[in-house]
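> Have a look at this one before I ask anything.
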Number of protein chains: 2
Amino acid sequence: MKAFHEYKNPSLAVDLVVFGYHDNTLSVLLLNRKEEPFKDQWTLPGGFLQMEETLRDTCARILLTKLGMKEVFMEQLYTFDDPARDPRGRVIAVGYYALINPSKFGIVAGTMANDVKWFDVKQLPVLGFDHQQIFEAALQRLRSKILYYPVGFELLDELFTITELHELYECILQMKLDRRNFRRKILDAGYIVNTGTKREGLKNRHPELYKFNKHLKKNSFHISTPEQE
Amino acid sequence: MKAFHEYKNPSLAVDLVVFGYHDNTLSVLLLNRKEEPFKDQWTLPGGFLQMEETLRDTCARILLTKLGMKEVFMEQLYTFDDPARDPRGRVIAVGYYALINPSKFGIVAGTMANDVKWFDVKQLPVLGFDHQQIFEAALQRLRSKILYYPVGFELLDELFTITELHELYECILQMKLDRRNFRRKILDAGYIVNTGTKREGLKNRHPELYKFNKHLKKNSFHISTPEQE
DNA sequence: ATTATTTCGCGTCACCTTAACGCTAAGTAA
DNA sequence: TTACTTAGCGTTAAGGTGACGCGAAATAAT
């Protein structure tokens, strides 16, 4: 057997799919590359692992230094290892996705550097590397996870109405959900708590404001999707 | 930004959780290490990625050369990156799990080298590295996957009875499932096809033999687990 | 004020799934 | 034959879910 250090190692990177929700639109944060390869093309933010970092540290560093975000929800997705995925050489990428509330960081349209931009997930440009594949894995994970786990709260303000939560679900899942059944399921699951306050200033009836219930019992609800043949 | 090759890279390895099912027992294949670190302790089979390999290639190579298995079901689990997980230095491990039918490879108890052994998942020894954690992730994945995806067939012979399939599910999930309801769900889902033949030589009524239906429609069944508080 | 309009919150009901369980058939052993 | 065990099919009551009705609350127009 070879000695431990004789193995040649590929480079190890993380690539991040950063989701944000704003104005009834689910968006992904993309970077316009200034270098080859894929110069002037849009790609996911990413970077190489430093020897003393965990993968999560690497993600946090990228989020903070490149995008000015901290303390965001993050989850490991999958590890992408196609030998040809990076034309510079062998690079293994561990994909992560993050959910952020853009309004928390003041990064809404227009306020960012022009090499960083939110794209509606329904209208993505052509992406460099294998980032289309990583993005699709992330969107699929988000869609399946939201059906049984309260992951959507990361995308909303601390206080929100059931209608806002409902719109978020319809937007992510890209399907209509009955308003009244959605309300019943979410409430029965105990995912949210009524704060007693109401959202003011709307032109119709003022809806009650809820917050996420952090002490929920798990696996207590399930949003069902239509049959697929 | 640094040039591409200036980054120091950790070593990249795969660790394999190989599940086998035999005599109503779910087992995992472990190796007794002959070298430091963790000399004489049990660990998961694993190995380092070669530059021209995919991760799946690495897994296949380990399965073939160390264990004599080929063409097995395999799935990527998760990537483990604790900086202290390997005392020799920084090693990132991509966990995979595999499902095999031990009788296909003639590796039942006693026929293997004494540094390779099947262990009942309920009675594992102390494992080296962070392999306990990897094993637990694999078992959890298997348990949740079997509830909605026909993954159990990899562990059985090509032809099997519903009772055998039922016992496999009870063994993996570690819970009682009503025999008659299980039968109905599996049949309704179209996961299995009756072959018309029967298992002979049993002392009671001879059950019908089924085989896996490869042309199944997806997401068509769901085994529910009892409520958890 | 009254009315129109829209969203919000609660309730109803029919249908389907599911868990629990009964019953008979098929095979072996006494 | 009888006893016993596993296999295969059926029944039923309870709970969950989808579809949808209706009045309440808020605003704007008459």
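Labeling convention for the structure tokens: chains A, B, ... as they appear, residues from 1 per chain, ligands from 1 in order of appearance.
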Running DSSP on the backbone, which parts of region 19-216 of chain B land in alpha helix (DSSP H), as an mmCIF file with N, CA, C and O atoms, in the first residue's frame?


data_model
loop_
_atom_site.group_PDB
_atom_site.id
_atom_site.type_symbol
_atom_site.label_atom_id
_atom_site.label_comp_id
_atom_site.auth_asym_id
_atom_site.auth_seq_id
_atom_site.Cartn_x
_atom_site.Cartn_y
_atom_site.Cartn_z
ATOM 1 N N LEU B 55 -16.120 8.941 -8.156
ATOM 2 C CA LEU B 55 -16.314 8.372 -6.822
ATOM 3 C C LEU B 55 -16.933 6.981 -6.918
ATOM 4 O O LEU B 55 -16.587 6.064 -6.179
ATOM 5 N N ARG B 56 -17.849 6.856 -7.855
ATOM 6 C CA ARG B 56 -18.505 5.564 -8.061
ATOM 7 C C ARG B 56 -17.491 4.505 -8.515
ATOM 8 O O ARG B 56 -17.550 3.355 -8.081
ATOM 9 N N ASP B 57 -16.568 4.926 -9.373
ATOM 10 C CA ASP B 57 -15.492 4.018 -9.787
ATOM 11 C C ASP B 57 -14.699 3.537 -8.584
ATOM 12 O O ASP B 57 -14.368 2.351 -8.471
ATOM 13 N N THR B 58 -14.381 4.471 -7.717
ATOM 14 C CA THR B 58 -13.608 4.106 -6.528
ATOM 15 C C THR B 58 -14.359 3.073 -5.696
ATOM 16 O O THR B 58 -13.779 2.072 -5.268
ATOM 17 N N CYS B 59 -15.635 3.317 -5.497
ATOM 18 C CA CYS B 59 -16.453 2.361 -4.748
ATOM 19 C C CYS B 59 -16.437 1.002 -5.423
ATOM 20 O O CYS B 59 -16.247 -0.033 -4.761
ATOM 21 N N ALA B 60 -16.629 0.992 -6.736
ATOM 22 C CA ALA B 60 -16.679 -0.272 -7.467
ATOM 23 C C ALA B 60 -15.347 -1.008 -7.352
ATOM 24 O O ALA B 60 -15.308 -2.232 -7.196
ATOM 25 N N ARG B 61 -14.264 -0.249 -7.418
ATOM 26 C CA ARG B 61 -12.930 -0.855 -7.309
ATOM 27 C C ARG B 61 -12.744 -1.515 -5.947
ATOM 28 O O ARG B 61 -12.264 -2.648 -5.838
ATOM 29 N N ILE B 62 -13.163 -0.805 -4.889
ATOM 30 C CA ILE B 62 -13.026 -1.362 -3.540
ATOM 31 C C ILE B 62 -13.893 -2.600 -3.378
ATOM 32 O O ILE B 62 -13.452 -3.628 -2.852
ATOM 33 N N LEU B 63 -15.103 -2.511 -3.870
ATOM 34 C CA LEU B 63 -16.008 -3.652 -3.752
ATOM 35 C C LEU B 63 -15.441 -4.860 -4.477
ATOM 36 O O LEU B 63 -15.514 -5.992 -3.994
ATOM 37 N N LEU B 64 -14.855 -4.628 -5.636
ATOM 38 C CA LEU B 64 -14.344 -5.744 -6.422
ATOM 39 C C LEU B 64 -13.051 -6.313 -5.842
ATOM 40 O O LEU B 64 -12.940 -7.518 -5.611
ATOM 41 N N THR B 65 -12.087 -5.448 -5.581
ATOM 42 C CA THR B 65 -10.771 -5.955 -5.178
ATOM 43 C C THR B 65 -10.746 -6.415 -3.731
ATOM 44 O O THR B 65 -10.116 -7.420 -3.416
ATOM 45 N N LYS B 66 -11.423 -5.702 -2.849
ATOM 46 C CA LYS B 66 -11.368 -6.108 -1.451
ATOM 47 C C LYS B 66 -12.425 -7.141 -1.100
ATOM 48 O O LYS B 66 -12.263 -7.911 -0.162
ATOM 49 N N LEU B 67 -13.534 -7.113 -1.822
ATOM 50 C CA LEU B 67 -14.660 -7.929 -1.392
ATOM 51 C C LEU B 67 -15.190 -8.854 -2.478
ATOM 52 O O LEU B 67 -16.080 -9.671 -2.225
ATOM 53 N N HIS B 131 -16.654 6.274 11.568
ATOM 54 C CA HIS B 131 -17.463 5.330 10.798
ATOM 55 C C HIS B 131 -18.789 4.987 11.448
ATOM 56 O O HIS B 131 -19.740 4.602 10.763
ATOM 57 N N GLN B 132 -18.874 5.153 12.755
ATOM 58 C CA GLN B 132 -20.179 4.987 13.411
ATOM 59 C C GLN B 132 -21.178 5.989 12.841
ATOM 60 O O GLN B 132 -22.321 5.643 12.528
ATOM 61 N N GLN B 133 -20.730 7.198 12.677
ATOM 62 C CA GLN B 133 -21.588 8.262 12.156
ATOM 63 C C GLN B 133 -22.016 7.962 10.710
ATOM 64 O O GLN B 133 -23.175 8.152 10.342
ATOM 65 N N ILE B 134 -21.076 7.498 9.918
ATOM 66 C CA ILE B 134 -21.384 7.178 8.523
ATOM 67 C C ILE B 134 -22.373 6.020 8.459
ATOM 68 O O ILE B 134 -23.351 6.057 7.697
ATOM 69 N N PHE B 135 -22.131 5.019 9.282
ATOM 70 C CA PHE B 135 -23.055 3.888 9.329
ATOM 71 C C PHE B 135 -24.463 4.342 9.695
ATOM 72 O O PHE B 135 -25.447 3.942 9.062
ATOM 73 N N GLU B 136 -24.568 5.193 10.707
ATOM 74 C CA GLU B 136 -25.894 5.637 11.140
ATOM 75 C C GLU B 136 -26.611 6.423 10.046
ATOM 76 O O GLU B 136 -27.818 6.285 9.860
ATOM 77 N N ALA B 137 -25.858 7.218 9.318
ATOM 78 C CA ALA B 137 -26.465 7.952 8.204
ATOM 79 C C ALA B 137 -26.986 6.990 7.148
ATOM 80 O O ALA B 137 -28.059 7.185 6.579
ATOM 81 N N ALA B 138 -26.224 5.933 6.916
ATOM 82 C CA ALA B 138 -26.624 4.958 5.900
ATOM 83 C C ALA B 138 -27.878 4.208 6.322
ATOM 84 O O ALA B 138 -28.806 4.032 5.523
ATOM 85 N N LEU B 139 -27.907 3.790 7.564
ATOM 86 C CA LEU B 139 -29.070 3.040 8.041
ATOM 87 C C LEU B 139 -30.322 3.921 8.004
ATOM 88 O O LEU B 139 -31.400 3.473 7.590
ATOM 89 N N GLN B 140 -30.151 5.151 8.399
ATOM 90 C CA GLN B 140 -31.278 6.089 8.364
ATOM 91 C C GLN B 140 -31.774 6.289 6.933
ATOM 92 O O GLN B 140 -32.977 6.273 6.666
ATOM 93 N N ARG B 141 -30.835 6.423 6.010
ATOM 94 C CA ARG B 141 -31.208 6.602 4.604
ATOM 95 C C ARG B 141 -31.963 5.382 4.091
ATOM 96 O O ARG B 141 -33.009 5.489 3.437
ATOM 97 N N LEU B 142 -31.433 4.203 4.403
ATOM 98 C CA LEU B 142 -32.081 2.968 3.958
ATOM 99 C C LEU B 142 -33.498 2.875 4.515
ATOM 100 O O LEU B 142 -34.447 2.559 3.794
ATOM 101 N N ARG B 143 -33.641 3.201 5.787
ATOM 102 C CA ARG B 143 -34.954 3.095 6.420
ATOM 103 C C ARG B 143 -35.950 4.073 5.835
ATOM 104 O O ARG B 143 -37.130 3.751 5.687
ATOM 105 N N SER B 144 -35.520 5.268 5.529
ATOM 106 C CA SER B 144 -36.492 6.214 4.983
ATOM 107 C C SER B 144 -36.746 5.933 3.509
ATOM 108 O O SER B 144 -37.858 6.095 3.026
ATOM 109 N N LYS B 145 -35.717 5.455 2.809
ATOM 110 C CA LYS B 145 -35.885 5.213 1.375
ATOM 111 C C LYS B 145 -36.825 4.048 1.104
ATOM 112 O O LYS B 145 -37.619 4.082 0.166
ATOM 113 N N ILE B 162 -43.987 -12.989 -0.846
ATOM 114 C CA ILE B 162 -44.392 -11.756 -0.163
ATOM 115 C C ILE B 162 -44.014 -11.816 1.308
ATOM 116 O O ILE B 162 -43.623 -10.816 1.900
ATOM 117 N N THR B 163 -44.082 -12.989 1.872
ATOM 118 C CA THR B 163 -43.684 -13.128 3.278
ATOM 119 C C THR B 163 -42.211 -12.777 3.470
ATOM 120 O O THR B 163 -41.843 -12.098 4.428
ATOM 121 N N GLU B 164 -41.381 -13.221 2.534
ATOM 122 C CA GLU B 164 -39.960 -12.894 2.638
ATOM 123 C C GLU B 164 -39.731 -11.389 2.529
ATOM 124 O O GLU B 164 -38.942 -10.804 3.281
ATOM 125 N N LEU B 165 -40.447 -10.768 1.602
ATOM 126 C CA LEU B 165 -40.337 -9.317 1.458
ATOM 127 C C LEU B 165 -40.828 -8.613 2.721
ATOM 128 O O LEU B 165 -40.226 -7.648 3.200
ATOM 129 N N HIS B 166 -41.914 -9.135 3.263
ATOM 130 C CA HIS B 166 -42.490 -8.590 4.484
ATOM 131 C C HIS B 166 -41.502 -8.678 5.652
ATOM 132 O O HIS B 166 -41.319 -7.715 6.396
ATOM 133 N N GLU B 167 -40.855 -9.828 5.769
ATOM 134 C CA GLU B 167 -39.871 -9.994 6.845
ATOM 135 C C GLU B 167 -38.697 -9.035 6.671
ATOM 136 O O GLU B 167 -38.177 -8.493 7.647
ATOM 137 N N LEU B 168 -38.298 -8.832 5.414
ATOM 138 C CA LEU B 168 -37.206 -7.882 5.149
ATOM 139 C C LEU B 168 -37.575 -6.480 5.632
ATOM 140 O O LEU B 168 -36.786 -5.810 6.293
ATOM 141 N N TYR B 169 -38.791 -6.062 5.315
ATOM 142 C CA TYR B 169 -39.234 -4.722 5.737
ATOM 143 C C TYR B 169 -39.274 -4.609 7.253
ATOM 144 O O TYR B 169 -38.831 -3.617 7.824
ATOM 145 N N GLU B 170 -39.806 -5.623 7.899
ATOM 146 C CA GLU B 170 -39.866 -5.582 9.359
ATOM 147 C C GLU B 170 -38.476 -5.546 9.970
ATOM 148 O O GLU B 170 -38.232 -4.857 10.964
ATOM 149 N N CYS B 171 -37.558 -6.263 9.331
ATOM 150 C CA CYS B 171 -36.189 -6.317 9.846
ATOM 151 C C CYS B 171 -35.495 -4.971 9.685
ATOM 152 O O CYS B 171 -34.848 -4.478 10.601
ATOM 153 N N ILE B 172 -35.637 -4.368 8.522
ATOM 154 C CA ILE B 172 -34.975 -3.085 8.279
ATOM 155 C C ILE B 172 -35.595 -1.984 9.130
ATOM 156 O O ILE B 172 -34.891 -1.171 9.731
ATOM 157 N N LEU B 173 -36.901 -1.965 9.184
ATOM 158 C CA LEU B 173 -37.573 -0.872 9.900
ATOM 159 C C LEU B 173 -37.647 -1.135 11.403
ATOM 160 O O LEU B 173 -37.974 -0.227 12.164
ATOM 161 N N ARG B 179 -49.290 -8.032 8.261
ATOM 162 C CA ARG B 179 -49.044 -8.908 7.123
ATOM 163 C C ARG B 179 -49.998 -8.660 5.956
ATOM 164 O O ARG B 179 -49.591 -8.557 4.796
ATOM 165 N N ARG B 180 -51.288 -8.537 6.254
ATOM 166 C CA ARG B 180 -52.288 -8.422 5.189
ATOM 167 C C ARG B 180 -52.302 -7.037 4.562
ATOM 168 O O ARG B 180 -52.454 -6.879 3.359
ATOM 169 N N ASN B 181 -52.102 -6.026 5.380
ATOM 170 C CA ASN B 181 -52.033 -4.672 4.825
ATOM 171 C C ASN B 181 -50.772 -4.487 3.985
ATOM 172 O O ASN B 181 -50.803 -3.824 2.941
ATOM 173 N N PHE B 182 -49.685 -5.074 4.443
ATOM 174 C CA PHE B 182 -48.437 -4.999 3.684
ATOM 175 C C PHE B 182 -48.620 -5.601 2.300
ATOM 176 O O PHE B 182 -48.265 -5.006 1.289
ATOM 177 N N ARG B 183 -49.203 -6.780 2.274
ATOM 178 C CA ARG B 183 -49.461 -7.452 1.002
ATOM 179 C C ARG B 183 -50.279 -6.573 0.054
ATOM 180 O O ARG B 183 -49.938 -6.392 -1.113
ATOM 181 N N ARG B 184 -51.347 -6.017 0.585
ATOM 182 C CA ARG B 184 -52.224 -5.201 -0.258
ATOM 183 C C ARG B 184 -51.492 -3.983 -0.820
ATOM 184 O O ARG B 184 -51.565 -3.684 -2.013
ATOM 185 N N LYS B 185 -50.728 -3.297 0.032
ATOM 186 C CA LYS B 185 -50.017 -2.094 -0.416
ATOM 187 C C LYS B 185 -48.996 -2.404 -1.489
ATOM 188 O O LYS B 185 -48.902 -1.726 -2.508
ATOM 189 N N ILE B 186 -48.209 -3.436 -1.243
ATOM 190 C CA ILE B 186 -47.169 -3.800 -2.198
ATOM 191 C C ILE B 186 -47.780 -4.197 -3.533
ATOM 192 O O ILE B 186 -47.292 -3.814 -4.594
ATOM 193 N N LEU B 187 -48.874 -4.953 -3.469
ATOM 194 C CA LEU B 187 -49.511 -5.390 -4.710
ATOM 195 C C LEU B 187 -50.150 -4.215 -5.439
ATOM 196 O O LEU B 187 -50.004 -4.060 -6.644
ATOM 197 N N ASP B 188 -50.876 -3.359 -4.694
ATOM 198 C CA ASP B 188 -51.513 -2.199 -5.313
ATOM 199 C C ASP B 188 -50.494 -1.299 -5.996
ATOM 200 O O ASP B 188 -50.758 -0.688 -7.025
ATOM 201 N N ALA B 189 -49.324 -1.209 -5.375
ATOM 202 C CA ALA B 189 -48.301 -0.316 -5.914
ATOM 203 C C ALA B 189 -47.735 -0.833 -7.226
ATOM 204 O O ALA B 189 -47.138 -0.077 -7.987
#

> Select all residues from chain D having any atom no more than 7 Å from an atom of chain B (counting only C-alpha atoms (C1' of nucleotides), ignoring ligands), output as a VMD selection string.

chain D and resid 5 to 7

> What residues in chain B lie within 6 Å of chain A, counting only C-alpha atoms, written as a PDB file with N, CA and C atoms, in the first residue's frame?


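Final output, saved to out-v8.pdb:
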ATOM      1  N   ASN B   9      -4.613  20.678  -1.083  1.00  0.00           N
ATOM      2  CA  ASN B   9      -5.857  19.906  -1.071  1.00  0.00           C
ATOM      3  C   ASN B   9      -5.822  18.787  -0.053  1.00  0.00           C
ATOM      4  N   SER B  11      -6.908  15.026   1.289  1.00  0.00           N
ATOM      5  CA  SER B  11      -7.104  13.757   0.599  1.00  0.00           C
ATOM      6  C   SER B  11      -8.594  13.475   0.480  1.00  0.00           C
ATOM      7  N   THR B  54     -14.090   8.317 -11.070  1.00  0.00           N
ATOM      8  CA  THR B  54     -15.221   8.956 -10.394  1.00  0.00           C
ATOM      9  C   THR B  54     -15.339   8.321  -9.014  1.00  0.00           C
ATOM     10  N   ASP B  81     -16.647  15.711   6.661  1.00  0.00           N
ATOM     11  CA  ASP B  81     -15.522  16.636   6.518  1.00  0.00           C
ATOM     12  C   ASP B  81     -14.944  17.118   7.837  1.00  0.00           C
TER      13      ASP B  81
END

> Determine which residues of chain C sit within 8 Å of chain A, taking into account only C-alpha atoms (C1' of nucleotides), and present them as a list in words.

DT6, DT7 and DC8 of chain C

> The selected residues should be written to file as a PDB file, in the first residue's frame (atoms: N, CA and C atoms (P, O5', C5', C4', C3', O3' and C1' of nucleotides)).


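Final file, again.pdb:
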ATOM      1  P    DT C   6     -63.365  42.365  -6.786  1.00  0.00           P
ATOM      2  O5'  DT C   6     -62.308  41.958  -5.662  1.00  0.00           O
ATOM      3  C5'  DT C   6     -61.377  42.935  -5.168  1.00  0.00           C
ATOM      4  C4'  DT C   6     -60.883  42.508  -3.810  1.00  0.00           C
ATOM      5  C3'  DT C   6     -60.488  41.032  -3.741  1.00  0.00           C
ATOM      6  O3'  DT C   6     -59.091  40.906  -3.503  1.00  0.00           O
ATOM      7  C1'  DT C   6     -61.798  41.687  -1.860  1.00  0.00           C
ATOM      8  P    DT C   7     -58.359  39.513  -3.572  1.00  0.00           P
ATOM      9  O5'  DT C   7     -58.000  39.227  -2.036  1.00  0.00           O
ATOM     10  C5'  DT C   7     -57.333  40.223  -1.279  1.00  0.00           C
ATOM     11  C4'  DT C   7     -57.592  40.004   0.189  1.00  0.00           C
ATOM     12  C3'  DT C   7     -57.095  38.668   0.735  1.00  0.00           C
ATOM     13  O3'  DT C   7     -56.390  38.915   1.943  1.00  0.00           O
ATOM     14  C1'  DT C   7     -59.343  38.995   1.336  1.00  0.00           C
ATOM     15  P    DC C   8     -55.481  37.810   2.629  1.00  0.00           P
ATOM     16  O5'  DC C   8     -56.372  37.376   3.865  1.00  0.00           O
ATOM     17  C5'  DC C   8     -56.899  38.392   4.710  1.00  0.00           C
ATOM     18  C4'  DC C   8     -57.841  37.801   5.732  1.00  0.00           C
ATOM     19  C3'  DC C   8     -57.376  36.480   6.348  1.00  0.00           C
ATOM     20  O3'  DC C   8     -57.454  36.600   7.759  1.00  0.00           O
ATOM     21  C1'  DC C   8     -59.608  36.290   5.533  1.00  0.00           C
TER      22       DC C   8
END

> Pick out the residues sitting within 12 Å of DA13 (chain D), and hand them over as a VMD selection string; count only C-alpha atoms (C1' of nucleotides), and ignore anything fewer than 3 positions along from it in its own chain.

chain C and resid 18 to 21

> Hey, what does DSSP flag as strand (DSSP E) within region 25-220 of chain A? Can you give it to me as a ChimeraX atom specification?

/A:25-32,42-43,46-48,73-80,91-100,116-120,192-198,208-212

> Report as a ChimeraX atom specification all protein, DNA and RNA residues lying within 12 Å of DG21 (chain D), evaluated on only C-alpha atoms (C1' of nucleotides), omitting residues in the same chain fewer than 6 positions from it.

/A:180 /C:10-13

> May I have the selected residues written with all heavy atoms, as a PDB file, in the first residue's frame?


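The resulting file, part.pdb, is shown below:
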ATOM      1  N   ARG A 180     -57.785  27.180   1.816  1.00  0.00           N
ATOM      2  CA  ARG A 180     -58.377  26.804   3.093  1.00  0.00           C
ATOM      3  C   ARG A 180     -57.803  25.498   3.622  1.00  0.00           C
ATOM      4  O   ARG A 180     -57.579  25.338   4.812  1.00  0.00           O
ATOM      5  CB  ARG A 180     -59.900  26.719   2.944  1.00  0.00           C
ATOM      6  CG  ARG A 180     -60.499  28.083   2.670  1.00  0.00           C
ATOM      7  CD  ARG A 180     -61.703  28.020   1.786  1.00  0.00           C
ATOM      8  NE  ARG A 180     -61.365  27.643   0.411  1.00  0.00           N
ATOM      9  CZ  ARG A 180     -62.226  27.643  -0.587  1.00  0.00           C
ATOM     10  NH1 ARG A 180     -63.487  27.982  -0.364  1.00  0.00           N
ATOM     11  NH2 ARG A 180     -61.860  27.306  -1.799  1.00  0.00           N
TER      12      ARG A 180
ATOM     13  P    DC C  10     -59.957  31.117  12.501  1.00  0.00           P
ATOM     14  OP1  DC C  10     -59.982  31.410  13.949  1.00  0.00           O
ATOM     15  OP2  DC C  10     -58.812  30.426  11.892  1.00  0.00           O
ATOM     16  O5'  DC C  10     -61.285  30.306  12.153  1.00  0.00           O
ATOM     17  C5'  DC C  10     -62.552  30.902  12.379  1.00  0.00           C
ATOM     18  C4'  DC C  10     -63.646  30.056  11.771  1.00  0.00           C
ATOM     19  O4'  DC C  10     -63.599  30.163  10.329  1.00  0.00           O
ATOM     20  C3'  DC C  10     -63.552  28.562  12.089  1.00  0.00           C
ATOM     21  O3'  DC C  10     -64.728  28.162  12.764  1.00  0.00           O
ATOM     22  C2'  DC C  10     -63.402  27.889  10.731  1.00  0.00           C
ATOM     23  C1'  DC C  10     -63.994  28.927   9.789  1.00  0.00           C
ATOM     24  N1   DC C  10     -63.447  28.829   8.412  1.00  0.00           N
ATOM     25  C2   DC C  10     -64.322  28.645   7.345  1.00  0.00           C
ATOM     26  O2   DC C  10     -65.531  28.571   7.563  1.00  0.00           O
ATOM     27  N3   DC C  10     -63.816  28.554   6.092  1.00  0.00           N
ATOM     28  C4   DC C  10     -62.501  28.639   5.889  1.00  0.00           C
ATOM     29  N4   DC C  10     -62.052  28.545   4.645  1.00  0.00           N
ATOM     30  C5   DC C  10     -61.590  28.838   6.971  1.00  0.00           C
ATOM     31  C6   DC C  10     -62.097  28.920   8.201  1.00  0.00           C
ATOM     32  P    DG C  11     -64.931  26.682  13.276  1.00  0.00           P
ATOM     33  OP1  DG C  11     -65.645  26.746  14.561  1.00  0.00           O
ATOM     34  OP2  DG C  11     -63.646  25.964  13.148  1.00  0.00           O
ATOM     35  O5'  DG C  11     -65.930  26.090  12.178  1.00  0.00           O
ATOM     36  C5'  DG C  11     -67.057  26.868  11.758  1.00  0.00           C
ATOM     37  C4'  DG C  11     -67.765  26.166  10.618  1.00  0.00           C
ATOM     38  O4'  DG C  11     -67.009  26.359   9.392  1.00  0.00           O
ATOM     39  C3'  DG C  11     -67.906  24.651  10.809  1.00  0.00           C
ATOM     40  O3'  DG C  11     -69.259  24.272  10.643  1.00  0.00           O
ATOM     41  C2'  DG C  11     -67.001  24.050   9.741  1.00  0.00           C
ATOM     42  C1'  DG C  11     -66.958  25.138   8.679  1.00  0.00           C
ATOM     43  N9   DG C  11     -65.728  25.135   7.902  1.00  0.00           N
ATOM     44  C8   DG C  11     -64.440  25.305   8.373  1.00  0.00           C
ATOM     45  N7   DG C  11     -63.536  25.248   7.441  1.00  0.00           N
ATOM     46  C5   DG C  11     -64.261  25.026   6.275  1.00  0.00           C
ATOM     47  C6   DG C  11     -63.820  24.864   4.936  1.00  0.00           C
ATOM     48  O6   DG C  11     -62.671  24.892   4.496  1.00  0.00           O
ATOM     49  N1   DG C  11     -64.894  24.649   4.067  1.00  0.00           N
ATOM     50  C2   DG C  11     -66.211  24.595   4.445  1.00  0.00           C
ATOM     51  N2   DG C  11     -67.092  24.381   3.476  1.00  0.00           N
ATOM     52  N3   DG C  11     -66.640  24.746   5.688  1.00  0.00           N
ATOM     53  C4   DG C  11     -65.606  24.955   6.544  1.00  0.00           C
ATOM     54  P    DT C  12     -69.688  22.772  10.940  1.00  0.00           P
ATOM     55  OP1  DT C  12     -70.980  22.885  11.655  1.00  0.00           O
ATOM     56  OP2  DT C  12     -68.558  22.038  11.540  1.00  0.00           O
ATOM     57  O5'  DT C  12     -69.953  22.174   9.491  1.00  0.00           O
ATOM     58  C5'  DT C  12     -70.625  22.969   8.526  1.00  0.00           C
ATOM     59  C4'  DT C  12     -70.712  22.215   7.207  1.00  0.00           C
ATOM     60  O4'  DT C  12     -69.477  22.386   6.459  1.00  0.00           O
ATOM     61  C3'  DT C  12     -70.934  20.716   7.339  1.00  0.00           C
ATOM     62  O3'  DT C  12     -71.976  20.332   6.454  1.00  0.00           O
ATOM     63  C2'  DT C  12     -69.590  20.108   6.938  1.00  0.00           C
ATOM     64  C1'  DT C  12     -69.067  21.131   5.954  1.00  0.00           C
ATOM     65  N1   DT C  12     -67.589  21.195   5.826  1.00  0.00           N
ATOM     66  C2   DT C  12     -67.030  21.073   4.584  1.00  0.00           C
ATOM     67  O2   DT C  12     -67.687  20.920   3.573  1.00  0.00           O
ATOM     68  N3   DT C  12     -65.658  21.162   4.565  1.00  0.00           N
ATOM     69  C4   DT C  12     -64.820  21.346   5.644  1.00  0.00           C
ATOM     70  O4   DT C  12     -63.599  21.402   5.505  1.00  0.00           O
ATOM     71  C5   DT C  12     -65.463  21.452   6.923  1.00  0.00           C
ATOM     72  C7   DT C  12     -64.644  21.650   8.158  1.00  0.00           C
ATOM     73  C6   DT C  12     -66.801  21.371   6.949  1.00  0.00           C
ATOM     74  P    DC C  13     -72.748  18.941   6.683  1.00  0.00           P
ATOM     75  OP1  DC C  13     -74.186  19.227   6.541  1.00  0.00           O
ATOM     76  OP2  DC C  13     -72.206  18.282   7.881  1.00  0.00           O
ATOM     77  O5'  DC C  13     -72.287  18.101   5.407  1.00  0.00           O
ATOM     78  C5'  DC C  13     -72.159  18.750   4.148  1.00  0.00           C
ATOM     79  C4'  DC C  13     -71.358  17.875   3.203  1.00  0.00           C
ATOM     80  O4'  DC C  13     -69.946  18.203   3.316  1.00  0.00           O
ATOM     81  C3'  DC C  13     -71.462  16.373   3.491  1.00  0.00           C
ATOM     82  O3'  DC C  13     -71.645  15.683   2.263  1.00  0.00           O
ATOM     83  C2'  DC C  13     -70.124  16.034   4.130  1.00  0.00           C
ATOM     84  C1'  DC C  13     -69.215  16.998   3.382  1.00  0.00           C
ATOM     85  N1   DC C  13     -67.922  17.281   4.068  1.00  0.00           N
ATOM     86  C2   DC C  13     -66.771  17.436   3.298  1.00  0.00           C
ATOM     87  O2   DC C  13     -66.844  17.335   2.077  1.00  0.00           O
ATOM     88  N3   DC C  13     -65.597  17.690   3.927  1.00  0.00           N
ATOM     89  C4   DC C  13     -65.559  17.791   5.255  1.00  0.00           C
ATOM     90  N4   DC C  13     -64.390  18.042   5.835  1.00  0.00           N
ATOM     91  C5   DC C  13     -66.737  17.644   6.060  1.00  0.00           C
ATOM     92  C6   DC C  13     -67.886  17.389   5.428  1.00  0.00           C
TER      93       DC C  13
END

> Rounded to one decimal in Å, what is the spacing between CA of Gly68 (chain B) and CA of Gly46 (chain B)?

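The value is 14.0 Å.
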
> Need to verify the contact set: Ile100 (chain B), 7 Å, only C-alpha atoms (C1' of nucleotides), exclusion of same-chain residues closer than 3 positions in sequence. Can you return it as a PyMOL selection string?

chain B and resi 19-20+72-73+154-155

> State, in Å with one decimal place, the distance from CA of Lys176 (chain B) to CA of Phe160 (chain B).

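So the answer is 19.7 Å.
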
> Could you jot down the CA of His222 (chain B) to CA of Met74 (chain A) separation for me, Å, one decimal place?

28.4 Å
